[in-house]
file work.pdb (PDB, C-alpha atoms and all ligand atoms)
ATOM      1  CA  MET A  22      -9.870 -41.016  67.001
ATOM      2  CA  SER A  23     -12.440 -40.100  64.370
ATOM      3  CA  GLY A  24     -12.759 -41.941  61.083
ATOM      4  CA  THR A  25     -10.925 -39.239  59.149
ATOM      5  CA  GLU A  26      -7.776 -38.869  61.285
ATOM      6  CA  HIS A  27      -4.802 -41.107  60.707
ATOM      7  CA  PRO A  28      -1.581 -41.572  62.685
ATOM      8  CA  ILE A  29       1.564 -40.517  60.838
ATOM      9  CA  HIS A  30       2.807 -44.093  60.515
ATOM     10  CA  LEU A  31       0.525 -46.785  59.176
ATOM     11  CA  SER A  32       1.940 -49.386  61.550
ATOM     12  CA  ASP A  33       0.880 -47.238  64.543
ATOM     13  CA  ASP A  34      -2.787 -47.185  63.526
ATOM     14  CA  PRO A  35      -4.797 -48.550  66.473
ATOM     15  CA  ARG A  36      -7.585 -49.683  64.154
ATOM     16  CA  ILE A  37      -5.325 -52.350  62.669
ATOM     17  CA  GLY A  38      -6.045 -55.390  64.802
ATOM     18  CA  ASN A  39      -4.866 -59.004  64.744
ATOM     19  CA  ILE A  40      -2.844 -60.166  61.776
ATOM     20  CA  LEU A  41      -5.015 -62.668  59.973
ATOM     21  CA  LEU A  42      -2.487 -63.710  57.321
ATOM     22  CA  THR A  43       1.228 -62.921  57.389
ATOM     23  CA  GLU A  44       3.303 -62.040  54.344
ATOM     24  CA  GLU A  45       4.849 -65.536  54.519
ATOM     25  CA  GLN A  46       1.457 -67.260  54.579
ATOM     26  CA  LEU A  47       0.284 -65.196  51.604
ATOM     27  CA  THR A  48       3.453 -65.880  49.610
ATOM     28  CA  SER A  49       3.353 -69.600  50.235
ATOM     29  CA  ARG A  50      -0.350 -70.033  49.364
ATOM     30  CA  ILE A  51      -0.022 -67.899  46.231
ATOM     31  CA  ALA A  52       2.903 -70.077  45.100
ATOM     32  CA  GLU A  53       0.564 -73.083  45.411
ATOM     33  CA  LEU A  54      -2.196 -71.365  43.460
ATOM     34  CA  GLY A  55       0.288 -70.361  40.754
ATOM     35  CA  ALA A  56       1.588 -73.926  40.486
ATOM     36  CA  GLN A  57      -1.969 -75.252  40.226
ATOM     37  CA  ILE A  58      -2.871 -72.780  37.480
ATOM     38  CA  THR A  59       0.378 -73.577  35.650
ATOM     39  CA  GLU A  60      -0.587 -77.251  35.666
ATOM     40  CA  ASP A  61      -4.248 -76.714  34.775
ATOM     41  CA  TYR A  62      -3.492 -74.361  31.868
ATOM     42  CA  ALA A  63      -0.423 -76.147  30.448
ATOM     43  CA  GLY A  64      -0.090 -75.411  26.731
ATOM     44  CA  ARG A  65      -2.438 -72.409  26.874
ATOM     45  CA  ASN A  66      -1.927 -68.711  27.477
ATOM     46  CA  PRO A  67      -4.637 -67.581  29.869
ATOM     47  CA  LEU A  68      -5.738 -63.995  30.230
ATOM     48  CA  LEU A  69      -5.828 -62.895  33.850
ATOM     49  CA  VAL A  70      -8.456 -60.248  34.536
ATOM     50  CA  CYS A  71      -7.620 -58.344  37.712
ATOM     51  CA  VAL A  72     -10.577 -56.741  39.465
ATOM     52  CA  LEU A  73      -9.492 -53.289  40.597
ATOM     53  CA  ARG A  74      -8.696 -52.033  42.978
ATOM     54  CA  GLY A  75      -8.626 -54.660  45.719
ATOM     55  CA  ALA A  76      -7.038 -57.497  43.716
ATOM     56  CA  TYR A  77      -4.017 -55.567  42.396
ATOM     57  CA  ALA A  78      -1.503 -56.908  44.956
ATOM     58  CA  PHE A  79      -2.757 -60.483  44.704
ATOM     59  CA  ALA A  80      -2.849 -60.385  40.890
ATOM     60  CA  THR A  81       0.733 -59.079  40.779
ATOM     61  CA  ASP A  82       2.112 -61.886  42.935
ATOM     62  CA  LEU A  83      -0.103 -64.512  41.281
ATOM     63  CA  CYS A  84       1.282 -63.553  37.844
ATOM     64  CA  PHE A  85       4.845 -64.073  39.095
ATOM     65  CA  ALA A  86       3.839 -67.486  40.466
ATOM     66  CA  ILE A  87       2.467 -68.728  37.107
ATOM     67  CA  ASN A  88       5.013 -70.278  34.771
ATOM     68  CA  LEU A  89       3.062 -69.759  31.530
ATOM     69  CA  PRO A  90       2.911 -67.013  28.889
ATOM     70  CA  ILE A  91      -0.035 -65.223  30.466
ATOM     71  CA  GLU A  92      -1.604 -61.895  29.585
ATOM     72  CA  LEU A  93      -3.098 -59.408  32.020
ATOM     73  CA  ASP A  94      -5.926 -56.896  31.829
ATOM     74  CA  PHE A  95      -7.888 -54.867  34.362
ATOM     75  CA  ILE A  96     -11.529 -54.219  35.068
ATOM     76  CA  ALA A  97     -12.919 -51.979  37.792
ATOM     77  CA  VAL A  98     -16.289 -52.209  39.456
ATOM     78  CA  SER A  99     -17.785 -50.447  42.389
ATOM     79  CA  SER A 100     -20.249 -52.496  44.364
ATOM     80  CA  TYR A 101     -20.880 -50.150  47.252
ATOM     81  CA  GLY A 102     -21.581 -46.462  47.683
ATOM     82  CA  ALA A 103     -18.800 -44.299  49.108
ATOM     83  CA  THR A 104     -19.275 -45.009  52.797
ATOM     84  CA  THR A 105     -22.333 -47.132  53.304
ATOM     85  CA  ARG A 106     -22.420 -50.900  53.624
ATOM     86  CA  THR A 107     -23.859 -52.447  50.463
ATOM     87  CA  SER A 108     -25.993 -50.619  47.966
ATOM     88  CA  GLY A 109     -26.797 -53.886  46.232
ATOM     89  CA  VAL A 110     -25.790 -52.272  42.955
ATOM     90  CA  VAL A 111     -22.669 -53.109  40.956
ATOM     91  CA  ARG A 112     -21.377 -50.513  38.536
ATOM     92  CA  LEU A 113     -18.703 -50.933  35.852
ATOM     93  CA  VAL A 114     -16.093 -48.218  36.414
ATOM     94  CA  LYS A 115     -13.395 -49.316  33.958
ATOM     95  CA  ASP A 116     -13.836 -51.901  31.222
ATOM     96  CA  LEU A 117     -11.266 -54.276  29.718
ATOM     97  CA  ASP A 118      -9.104 -53.317  26.746
ATOM     98  CA  VAL A 119      -8.670 -56.894  25.501
ATOM     99  CA  ASP A 120     -11.235 -58.831  23.447
ATOM    100  CA  LEU A 121     -12.273 -61.983  25.329
ATOM    101  CA  THR A 122     -13.458 -63.977  22.313
ATOM    102  CA  ASP A 123     -12.052 -67.530  22.511
ATOM    103  CA  ARG A 124      -9.719 -66.619  25.379
ATOM    104  CA  ASP A 125      -9.121 -68.680  28.516
ATOM    105  CA  VAL A 126     -10.018 -66.114  31.122
ATOM    106  CA  ILE A 127      -9.150 -66.250  34.814
ATOM    107  CA  LEU A 128     -10.931 -63.598  36.838
ATOM    108  CA  VAL A 129      -8.756 -62.552  39.791
ATOM    109  CA  GLU A 130     -10.691 -61.245  42.810
ATOM    110  CA  ASP A 131      -9.626 -60.068  46.267
ATOM    111  CA  ILE A 132     -12.557 -61.375  48.317
ATOM    112  CA  VAL A 133     -15.901 -63.006  47.669
ATOM    113  CA  ASP A 134     -18.251 -61.678  50.314
ATOM    114  CA  THR A 135     -21.938 -61.743  49.300
ATOM    115  CA  GLY A 136     -21.015 -62.780  45.754
ATOM    116  CA  LEU A 137     -22.855 -59.839  44.230
ATOM    117  CA  THR A 138     -19.780 -58.456  42.458
ATOM    118  CA  LEU A 139     -18.780 -61.833  41.128
ATOM    119  CA  ARG A 140     -22.243 -62.628  39.787
ATOM    120  CA  TYR A 141     -22.243 -59.309  37.927
ATOM    121  CA  LEU A 142     -18.740 -59.818  36.512
ATOM    122  CA  ARG A 143     -19.436 -63.400  35.459
ATOM    123  CA  ARG A 144     -22.521 -62.363  33.533
ATOM    124  CA  SER A 145     -20.685 -59.499  31.872
ATOM    125  CA  LEU A 146     -17.606 -61.537  30.874
ATOM    126  CA  GLU A 147     -19.479 -64.670  29.815
ATOM    127  CA  ALA A 148     -21.468 -62.582  27.343
ATOM    128  CA  ARG A 149     -18.215 -61.758  25.499
ATOM    129  CA  GLY A 150     -17.623 -65.323  24.267
ATOM    130  CA  PRO A 151     -14.510 -66.533  26.125
ATOM    131  CA  ALA A 152     -13.365 -70.139  25.525
ATOM    132  CA  SER A 153     -13.426 -70.590  29.307
ATOM    133  CA  LEU A 154     -13.956 -68.485  32.393
ATOM    134  CA  GLU A 155     -12.666 -69.439  35.845
ATOM    135  CA  VAL A 156     -12.414 -67.446  39.050
ATOM    136  CA  CYS A 157      -9.422 -67.206  41.377
ATOM    137  CA  THR A 158     -10.031 -65.336  44.623
ATOM    138  CA  LEU A 159      -7.541 -64.656  47.380
ATOM    139  CA  LEU A 160     -10.229 -64.739  50.085
ATOM    140  CA  ALA A 161     -13.739 -66.078  50.457
ATOM    141  CA  ARG A 162     -16.127 -65.750  53.364
ATOM    142  CA  GLU A 163     -17.134 -69.044  54.961
ATOM    143  CA  ALA A 164     -20.749 -68.246  54.127
ATOM    144  CA  ALA A 165     -20.135 -67.618  50.408
ATOM    145  CA  ASP A 166     -21.681 -70.104  47.971
ATOM    146  CA  LEU A 167     -18.461 -70.812  46.074
ATOM    147  CA  GLU A 168     -19.857 -73.732  44.118
ATOM    148  CA  GLY A 169     -22.890 -71.763  43.013
ATOM    149  CA  LEU A 170     -20.639 -68.878  41.996
ATOM    150  CA  GLY A 171     -18.282 -71.195  40.107
ATOM    151  CA  VAL A 172     -15.121 -70.260  42.006
ATOM    152  CA  ARG A 173     -12.346 -72.683  41.077
ATOM    153  CA  TYR A 174      -9.363 -71.313  43.027
ATOM    154  CA  VAL A 175      -9.536 -69.997  46.597
ATOM    155  CA  GLY A 176      -6.548 -68.794  48.604
ATOM    156  CA  PHE A 177      -8.082 -68.705  52.064
ATOM    157  CA  THR A 178     -11.536 -69.024  53.610
ATOM    158  CA  ILE A 179     -12.167 -66.452  56.337
ATOM    159  CA  GLY A 180     -14.919 -65.525  58.817
ATOM    160  CA  GLY A 181     -16.980 -62.381  58.960
ATOM    161  CA  ASP A 182     -14.360 -59.858  60.149
ATOM    162  CA  PHE A 183     -13.654 -56.852  57.953
ATOM    163  CA  VAL A 184     -10.044 -57.160  56.792
ATOM    164  CA  VAL A 185      -7.524 -54.744  55.307
ATOM    165  CA  GLY A 186      -4.097 -54.920  53.702
ATOM    166  CA  TYR A 187      -2.477 -56.642  50.735
ATOM    167  CA  GLY A 188      -4.642 -54.605  48.380
ATOM    168  CA  LEU A 189      -7.828 -54.557  50.455
ATOM    169  CA  ASP A 190      -8.942 -51.199  51.793
ATOM    170  CA  ALA A 191     -11.140 -49.463  54.324
ATOM    171  CA  ASN A 192     -12.263 -46.211  52.755
ATOM    172  CA  GLU A 193      -9.292 -46.414  50.327
ATOM    173  CA  LYS A 194      -6.643 -46.714  53.083
ATOM    174  CA  TYR A 195      -4.484 -49.644  54.252
ATOM    175  CA  ARG A 196      -3.997 -51.252  50.818
ATOM    176  CA  ASN A 197      -0.215 -50.977  51.275
ATOM    177  CA  LEU A 198       0.089 -53.287  54.280
ATOM    178  CA  ARG A 199       2.081 -56.359  53.280
ATOM    179  CA  TYR A 200      -0.148 -58.567  55.438
ATOM    180  CA  LEU A 201      -3.881 -58.978  56.035
ATOM    181  CA  ALA A 202      -5.235 -57.686  59.318
ATOM    182  CA  VAL A 203      -8.587 -57.449  61.007
ATOM    183  CA  PHE A 204      -9.810 -53.861  60.925
ATOM    184  CA  ASP A 205     -11.605 -52.242  63.840
ATOM    185  CA  SER A 206     -14.482 -50.520  62.119
ATOM    186  CA  SER A 207     -16.385 -49.656  65.306
ATOM    187  CA  ASP A 208     -15.754 -45.881  65.100
ATOM    188  CA  THR A 209     -16.030 -45.532  61.344
ATOM    189  CA  GLU A 210     -18.271 -46.764  58.584
ATOM    190  CA  VAL A 211     -16.323 -48.801  56.052
ATOM    191  CA  ARG A 212     -17.212 -50.437  52.843
TER
HETATM  192  P1  LIG B 301     -19.395 -58.891  47.343
HETATM  193  O1  LIG B 301     -19.942 -58.290  46.096
HETATM  194  O2  LIG B 301     -20.322 -58.741  48.517
HETATM  195  O3  LIG B 301     -18.904 -60.306  47.183
HETATM  196  O4  LIG B 301     -18.193 -57.974  47.772
HETATM  197  C1  LIG B 301     -16.964 -58.041  47.178
HETATM  198  C2  LIG B 301     -16.196 -56.754  47.371
HETATM  199  O5  LIG B 301     -16.476 -56.122  48.646
HETATM  200  C3  LIG B 301     -14.729 -57.070  47.394
HETATM  201  O6  LIG B 301     -14.205 -57.114  46.085
HETATM  202  C4  LIG B 301     -14.178 -55.949  48.265
HETATM  203  O7  LIG B 301     -13.907 -54.816  47.461
HETATM  204  C5  LIG B 301     -15.296 -55.604  49.223
HETATM  205  N1  LIG B 301     -15.086 -56.247  50.533
HETATM  206  C6  LIG B 301     -15.848 -57.191  51.110
HETATM  207  N2  LIG B 301     -15.355 -57.537  52.331
HETATM  208  C7  LIG B 301     -14.246 -56.791  52.510
HETATM  209  C8  LIG B 301     -13.282 -56.692  53.582
HETATM  210  O8  LIG B 301     -13.315 -57.389  54.612
HETATM  211  N3  LIG B 301     -12.277 -55.784  53.400
HETATM  212  C9  LIG B 301     -12.174 -54.994  52.288
HETATM  213  N4  LIG B 301     -13.046 -55.075  51.269
HETATM  214  C10 LIG B 301     -14.076 -55.958  51.380
END

call {"tool": "encode", "arguments": {"input": "work.pdb", "output": "structure tokens", "more": "lines below"}}
Ligand code: IMP
result
Amino acid sequence: MSGTEHPIHLSDDPRIGNILLTEEQLTSRIAELGAQITEDYAGRNPLLVCVLRGAYAFATDLCFAINLPIELDFIAVSSYGATTRTSGVVRLVKDLDVDLTDRDVILVEDIVDTGLTLRYLRRSLEARGPASLEVCTLLAREAADLEGLGVRYVGFTIGGDFVVGYGLDANEKYRNLRYLAVFDSSDTEVR
């Protein structure tokens, strides 16, 4: 099958490989992250900044798991060209609507891979004078320098496989899987 053809039903797609994280595993870990954030930010109303598009599913469930009066805004960046691996360039596609001055900001990411996107976002958000800025990512590669990048909350650490589902895409598809699966990218170039 070429990279542009898709089976009628998503669940029949042969490129979706092993399930890396089930819906139950995701739900239970996100409940823990939400409880931790609720404890850490007691008495405050943090602003969650969801990095579009990959973090939308995670940010939605994380919000429900936090028992605080939070606010939510969205930022969109594109770190790669349309089909190639990494271009090494991060571009702001959609900026925030909310002013970050004196806010407790939690940046919500889908996956920290090389850390390029996060470094760019950190620099951009820190320049806007927040009271605090922490990062919460659903996934991080084993090789990622989480301490250096200042990542406080991590859902799961994973290996080098390209993964799809639960918001994460391969060429804009597969975001609507309820679980995370390894994606067979051998016959198609993915970002
Ligand atoms: P970084 O800038 O190299 O850390 O890349 C982060 C971005 O690359 C993520 O926000 C994702 O959009 C994308 N990405 C990296 N690995 C994967 C993957 O396995 N599946 C889907 N997207 C990925």

call {"tool": "closest_residue", "arguments": {"input": "work.pdb", "among": "A:Ser153, A:Thr138, A:Asn192, A:Ser206", "to": "ligand LIG 301 (chain B)", "atoms": "only C-alpha atoms and all ligand atoms"}}
result
A:Thr138

call {"tool": "resolve_selection", "arguments": {"input": "work.pdb", "expression": "the PyMOL selection byres (((chain A and resi 133) around 10) and not hetatm)", "output": "PDB file with C-alpha atoms, in the frame of the given file"}}
result
ATOM      1  CA  GLU A 130     -10.691 -61.245  42.810  1.00  0.00           C
ATOM      2  CA  ASP A 131      -9.626 -60.068  46.267  1.00  0.00           C
ATOM      3  CA  ILE A 132     -12.557 -61.375  48.317  1.00  0.00           C
ATOM      4  CA  ASP A 134     -18.251 -61.678  50.314  1.00  0.00           C
ATOM      5  CA  THR A 135     -21.938 -61.743  49.300  1.00  0.00           C
ATOM      6  CA  GLY A 136     -21.015 -62.780  45.754  1.00  0.00           C
ATOM      7  CA  LEU A 137     -22.855 -59.839  44.230  1.00  0.00           C
ATOM      8  CA  THR A 138     -19.780 -58.456  42.458  1.00  0.00           C
ATOM      9  CA  LEU A 139     -18.780 -61.833  41.128  1.00  0.00           C
ATOM     10  CA  CYS A 157      -9.422 -67.206  41.377  1.00  0.00           C
ATOM     11  CA  THR A 158     -10.031 -65.336  44.623  1.00  0.00           C
ATOM     12  CA  LEU A 159      -7.541 -64.656  47.380  1.00  0.00           C
ATOM     13  CA  LEU A 160     -10.229 -64.739  50.085  1.00  0.00           C
ATOM     14  CA  ALA A 161     -13.739 -66.078  50.457  1.00  0.00           C
ATOM     15  CA  ARG A 162     -16.127 -65.750  53.364  1.00  0.00           C
ATOM     16  CA  GLU A 163     -17.134 -69.044  54.961  1.00  0.00           C
ATOM     17  CA  ALA A 164     -20.749 -68.246  54.127  1.00  0.00           C
ATOM     18  CA  ALA A 165     -20.135 -67.618  50.408  1.00  0.00           C
ATOM     19  CA  ASP A 166     -21.681 -70.104  47.971  1.00  0.00           C
ATOM     20  CA  LEU A 167     -18.461 -70.812  46.074  1.00  0.00           C
ATOM     21  CA  LEU A 170     -20.639 -68.878  41.996  1.00  0.00           C
ATOM     22  CA  VAL A 172     -15.121 -70.260  42.006  1.00  0.00           C
ATOM     23  CA  VAL A 175      -9.536 -69.997  46.597  1.00  0.00           C
ATOM     24  CA  THR A 178     -11.536 -69.024  53.610  1.00  0.00           C
TER      25      THR A 178
END

call {"tool": "closest_residue", "arguments": {"input": "work.pdb", "among": "A:Leu142, A:Leu89, A:Leu47, A:Val185", "to": "ligand LIG 301 (chain B)", "atoms": "all atoms listed in the file"}}
result
A:Val185

call {"tool": "resolve_selection", "arguments": {"input": "work.pdb", "expression": "the PyMOL selection byres (((chain A and resi 114) around 7) and not hetatm)", "output": "PDB file with C-alpha atoms, keeping the file's coordinate frame"}}
result
ATOM      1  CA  ALA A  97     -12.919 -51.979  37.792  1.00  0.00           C
ATOM      2  CA  VAL A  98     -16.289 -52.209  39.456  1.00  0.00           C
ATOM      3  CA  SER A  99     -17.785 -50.447  42.389  1.00  0.00           C
ATOM      4  CA  ARG A 112     -21.377 -50.513  38.536  1.00  0.00           C
ATOM      5  CA  LEU A 113     -18.703 -50.933  35.852  1.00  0.00           C
ATOM      6  CA  LYS A 115     -13.395 -49.316  33.958  1.00  0.00           C
ATOM      7  CA  ASP A 116     -13.836 -51.901  31.222  1.00  0.00           C
TER       8      ASP A 116
END

call {"tool": "closest_residue", "arguments": {"input": "work.pdb", "among": "A:Tyr200, A:Arg144, A:Leu117, A:Val111", "to": "ligand LIG 301 (chain B)", "atoms": "only C-alpha atoms and all ligand atoms"}}
result
A:Val111

call {"tool": "closest_residue", "arguments": {"input": "work.pdb", "among": "A:Thr48, A:Gly176, A:Asp123, A:His30", "to": "Arg149 of chain A", "atoms": "all atoms listed in the file"}}
result
A:Asp123

call {"tool": "resolve_selection", "arguments": {"input": "work.pdb", "expression": "the PyMOL selection byres (((chain A and resi 43) around 9) and not hetatm)", "output": "PDB file with C-alpha atoms, keeping the file's coordinate frame"}}
result
ATOM      1  CA  ILE A  40      -2.844 -60.166  61.776  1.00  0.00           C
ATOM      2  CA  LEU A  41      -5.015 -62.668  59.973  1.00  0.00           C
ATOM      3  CA  LEU A  42      -2.487 -63.710  57.321  1.00  0.00           C
ATOM      4  CA  GLU A  44       3.303 -62.040  54.344  1.00  0.00           C
ATOM      5  CA  GLU A  45       4.849 -65.536  54.519  1.00  0.00           C
ATOM      6  CA  GLN A  46       1.457 -67.260  54.579  1.00  0.00           C
ATOM      7  CA  LEU A  47       0.284 -65.196  51.604  1.00  0.00           C
ATOM      8  CA  THR A  48       3.453 -65.880  49.610  1.00  0.00           C
ATOM      9  CA  ARG A 199       2.081 -56.359  53.280  1.00  0.00           C
ATOM     10  CA  TYR A 200      -0.148 -58.567  55.438  1.00  0.00           C
ATOM     11  CA  LEU A 201      -3.881 -58.978  56.035  1.00  0.00           C
ATOM     12  CA  ALA A 202      -5.235 -57.686  59.318  1.00  0.00           C
TER      13      ALA A 202
END

call {"tool": "atom_distance", "arguments": {"input": "work.pdb", "atom1": "atom CA of Cys84 of chain A", "atom2": "atom CA of Ala52 of chain A"}}
result
9.9 Å

call {"tool": "closest_residue", "arguments": {"input": "work.pdb", "among": "A:Cys71, A:Ala86, A:Gly150, A:Glu168", "to": "ligand LIG 301 (chain B)", "atoms": "only C-alpha atoms and all ligand atoms"}}
result
A:Cys71

call {"tool": "axis_aligned_box", "arguments": {"input": "work.pdb", "around": "segment 26-41 of chain A", "padding_each_side": "8 Å", "output": "AutoDock Vina command-line options"}}
result
--center_x -2.5 --center_y -50.8 --center_z 62.8 --size_x 26.6 --size_y 39.8 --size_z 23.3

call {"tool": "atom_distance", "arguments": {"input": "work.pdb", "atom1": "atom CA of Ser32 of chain A", "atom2": "atom C3 of ligand LIG 301 (chain B)"}}
result
23.2 Å

call {"tool": "atom_distance", "arguments": {"input": "work.pdb", "atom1": "atom CA of Asp120 of chain A", "atom2": "atom O7 of ligand LIG 301 (chain B)"}}
result
24.5 Å

call {"tool": "residues_near_point", "arguments": {"input": "work.pdb", "point": "(-4.1, -64.1, 31.1)", "cutoff": "9 Å", "atoms": "all atoms listed in the file", "output": "list of chain:residue names"}}
result
A:Asn66, A:Pro67, A:Leu68, A:Leu69, A:Val70, A:Cys84, A:Pro90, A:Ile91, A:Glu92, A:Leu93, A:Asp94, A:Arg124, A:Asp125, A:Val126, A:Ile127, A:Leu128

call {"tool": "write_last_selection", "arguments": {"input": "work.pdb", "atoms": "C-alpha atoms", "output": "short mmCIF file (atom, residue, chain, number, x, y, z; two decimals), keeping the file's coordinate frame"}}
result
data_model
loop_
_atom_site.label_atom_id
_atom_site.label_comp_id
_atom_site.auth_asym_id
_atom_site.auth_seq_id
_atom_site.Cartn_x
_atom_site.Cartn_y
_atom_site.Cartn_z
CA ASN A 66 -1.93 -68.71 27.48
CA PRO A 67 -4.64 -67.58 29.87
CA LEU A 68 -5.74 -64.00 30.23
CA LEU A 69 -5.83 -62.90 33.85
CA VAL A 70 -8.46 -60.25 34.54
CA CYS A 84 1.28 -63.55 37.84
CA PRO A 90 2.91 -67.01 28.89
CA ILE A 91 -0.04 -65.22 30.47
CA GLU A 92 -1.60 -61.90 29.58
CA LEU A 93 -3.10 -59.41 32.02
CA ASP A 94 -5.93 -56.90 31.83
CA ARG A 124 -9.72 -66.62 25.38
CA ASP A 125 -9.12 -68.68 28.52
CA VAL A 126 -10.02 -66.11 31.12
CA ILE A 127 -9.15 -66.25 34.81
CA LEU A 128 -10.93 -63.60 36.84
#

call {"tool": "residues_near_point", "arguments": {"input": "work.pdb", "point": "(-8.9, -54.6, 60.6)", "cutoff": "10 Å", "atoms": "all atoms listed in the file", "output": "CSV table (one decimal) with C-alpha atoms, in the frame of the given file"}}
result
chain,number,residue,atom,x,y,z
A,35,PRO,CA,-4.8,-48.6,66.5
A,36,ARG,CA,-7.6,-49.7,64.2
A,37,ILE,CA,-5.3,-52.4,62.7
A,38,GLY,CA,-6.0,-55.4,64.8
A,39,ASN,CA,-4.9,-59.0,64.7
A,40,ILE,CA,-2.8,-60.2,61.8
A,41,LEU,CA,-5.0,-62.7,60.0
A,182,ASP,CA,-14.4,-59.9,60.1
A,183,PHE,CA,-13.7,-56.9,58.0
A,184,VAL,CA,-10.0,-57.2,56.8
A,185,VAL,CA,-7.5,-54.7,55.3
A,186,GLY,CA,-4.1,-54.9,53.7
A,190,ASP,CA,-8.9,-51.2,51.8
A,191,ALA,CA,-11.1,-49.5,54.3
A,195,TYR,CA,-4.5,-49.6,54.3
A,201,LEU,CA,-3.9,-59.0,56.0
A,202,ALA,CA,-5.2,-57.7,59.3
A,203,VAL,CA,-8.6,-57.4,61.0
A,204,PHE,CA,-9.8,-53.9,60.9
A,205,ASP,CA,-11.6,-52.2,63.8
A,206,SER,CA,-14.5,-50.5,62.1

call {"tool": "closest_residue", "arguments": {"input": "work.pdb", "among": "A:Ile87, A:Val119, A:Ala76, A:Ile96", "to": "ligand LIG 301 (chain B)", "atoms": "only C-alpha atoms and all ligand atoms"}}
result
A:Ala76
